[in-house]
Each structure stands twice: as structure tokens, then as C-alpha cells.
$ cat query-v7.csv   # CSV, C-alpha atoms
chain,number,residue,atom,x,y,z
A,1,MET,CA,-1.4,20.3,23.2
A,2,SER,CA,-5.1,20.1,22.8
A,3,LEU,CA,-7.4,18.4,25.3
A,4,THR,CA,-10.0,17.7,22.7
A,5,SER,CA,-9.4,16.3,19.3
A,6,SER,CA,-11.6,15.8,16.4
A,7,THR,CA,-10.9,12.1,16.4
A,8,SER,CA,-11.8,11.5,20.1
A,9,THR,CA,-15.0,9.8,20.9
A,10,GLU,CA,-17.4,10.2,23.7
A,11,ARG,CA,-16.6,7.6,26.3
A,12,ARG,CA,-19.5,8.3,28.7
A,13,GLN,CA,-22.6,6.1,28.5
A,14,TYR,CA,-26.2,6.5,29.5
A,15,SER,CA,-27.0,9.7,27.6
A,16,HIS,CA,-30.7,9.2,28.5
A,17,VAL,CA,-29.8,9.3,32.2
A,18,ARG,CA,-27.8,12.5,31.7
A,19,GLU,CA,-30.8,14.2,30.0
A,20,VAL,CA,-33.3,13.6,32.8
A,21,PHE,CA,-30.9,13.3,35.8
A,22,VAL,CA,-31.7,16.7,37.4
A,23,GLN,CA,-35.4,16.2,37.0
A,24,ALA,CA,-35.2,12.7,38.5
A,25,CYS,CA,-33.2,14.0,41.4
A,26,ASP,CA,-35.7,16.7,42.1
A,27,LEU,CA,-38.4,14.0,42.1
A,28,LEU,CA,-36.4,11.6,44.4
A,29,ALA,CA,-34.8,14.1,46.8
A,30,PRO,CA,-37.6,14.2,49.4
A,31,LEU,CA,-38.1,10.4,49.3
A,32,VAL,CA,-34.4,9.7,49.6
A,33,ALA,CA,-34.1,12.2,52.5
A,34,GLU,CA,-37.1,10.6,54.3
A,35,ASN,CA,-35.7,7.1,53.7
A,36,ALA,CA,-32.4,8.1,55.4
A,37,ARG,CA,-34.5,8.5,58.5
A,38,THR,CA,-37.4,6.0,58.3
A,39,LYS,CA,-37.1,3.8,55.3
A,40,SER,CA,-40.7,4.6,54.4
A,41,VAL,CA,-40.4,4.1,50.6
A,42,SER,CA,-38.9,1.1,49.0
A,43,ASN,CA,-36.5,1.2,46.1
A,44,PHE,CA,-39.0,-0.8,44.1
A,45,ALA,CA,-41.6,2.0,44.6
A,46,MET,CA,-39.1,4.7,43.7
A,47,SER,CA,-38.1,2.7,40.6
A,48,HIS,CA,-41.7,2.4,39.6
A,49,MET,CA,-42.2,6.2,40.1
A,50,LEU,CA,-39.2,6.9,37.9
A,51,GLN,CA,-40.5,4.5,35.2
A,52,GLU,CA,-43.8,6.4,35.2
A,53,HIS,CA,-42.2,9.8,34.9
A,54,PHE,CA,-39.4,8.7,32.5
A,55,PRO,CA,-40.7,5.7,30.4
A,56,GLU,CA,-37.7,6.0,28.0
A,57,LEU,CA,-35.3,4.9,30.7
A,58,SER,CA,-34.3,1.2,30.9
A,59,THR,CA,-34.3,-0.8,34.2
A,60,ALA,CA,-30.5,-0.4,34.3
A,61,GLU,CA,-30.7,3.3,33.8
A,62,ILE,CA,-33.3,3.7,36.6
A,63,HIS,CA,-31.0,1.7,38.9
A,64,ILE,CA,-28.2,4.1,38.0
A,65,VAL,CA,-30.4,7.1,38.9
A,66,LEU,CA,-31.5,5.6,42.2
A,67,VAL,CA,-28.0,4.6,43.3
A,68,THR,CA,-26.5,7.9,42.4
A,69,ALA,CA,-29.3,9.9,44.1
A,70,GLU,CA,-28.8,7.9,47.3
A,71,LYS,CA,-25.0,8.5,47.1
A,72,MET,CA,-25.5,12.2,46.5
A,73,HIS,CA,-27.8,12.4,49.5
A,74,GLN,CA,-25.2,10.7,51.7
A,75,ALA,CA,-22.6,13.2,50.5
A,76,SER,CA,-25.0,16.0,51.2
A,77,ARG,CA,-25.1,17.0,47.5
A,78,LEU,CA,-28.8,16.2,46.9
A,79,ALA,CA,-31.1,19.2,47.4
A,80,LYS,CA,-34.2,18.4,49.5
$ encode --input "query-v7.csv" --output "C-alpha cells"
Amino acid sequence: MSLTSSTSTERRQYSHVREVFVQACDLLAPLVAENARTKSVSNFAMSHMLQEHFPELSTAEIHIVLVTAEKMHQASRLAK
């Protein structure tokens, strides 16, 4: 039994996010870590920063990156 077949299709979405996710997390890590302590940077400001660095991402994709980075920080999986 093969796990991959030539007729299977990719089910995952947001390929643009996958391409820039590590870079985006590197950019966000210090801000997310600081926000966990003091809430010094708003999500709007972080969204704007991501939009400047990655203009190809849509608003929905930027939201996905922010939410995922925050969850990774909470799970201690986001490098500072």
C-alpha cells in the first residue's frame, strides 16, 4: 500500500505562507516574546510590519502567520 499516489492532490492551502513562514517567525519572535510580558506591540503593528516585509501575503495570510507565531510562542516552540 502506497501512502502517496499519482492521483492524490495537495490538500494544504496557503503556499505563500509556507514559503515565508520561517523568515516571518524570525522577524516576529522578539515581538511576540515581549508581548507575552508587556503587550508593547499591537497586532496591527505586527501585521503592518509583515505586510512591509512580505507584500505578496494577503491580509488573511498575515493573520495566519500572526496567530500561528503566537501559538508557537505559547507552546515554547518559537525561537527568541
$ closest_residue --input "query-v7.csv" --among "A:Arg77, A:Thr9, A:Phe21, A:Ser40" --to "Ile62 of chain A" --atoms "only C-alpha atoms"
A:Phe21
$ closest_residue --input "query-v7.csv" --among "A:Val20, A:Leu50, A:Ala75, A:Leu27" --to "His63 of chain A" --atoms "only C-alpha atoms"
A:Leu50
$ closest_residue --input "query-v7.csv" --among "A:Gln23, A:Thr59, A:His73, A:Leu28" --to "Ser42 of chain A" --atoms "all atoms listed in the file"
A:Leu28
$ closest_residue --input "query-v7.csv" --among "A:Pro30, A:Ser76, A:Leu66, A:Lys71" --to "Gln51 of chain A" --atoms "all atoms listed in the file"
A:Leu66
$ closest_residue --input "query-v7.csv" --among "A:Phe54, A:Asn43, A:Thr38, A:Ser15" --to "Glu70 of chain A" --atoms "only C-alpha atoms"
A:Asn43
$ atom_distance --input "query-v7.csv" --atom1 "atom CA of Ile64 of chain A" --atom2 "atom CA of Asp26 of chain A"
15.2 Å
$ closest_residue --input "query-v7.csv" --among "A:Val41, A:Leu78, A:Met49, A:Val17" --to "Val65 of chain A" --atoms "only C-alpha atoms"
A:Val17
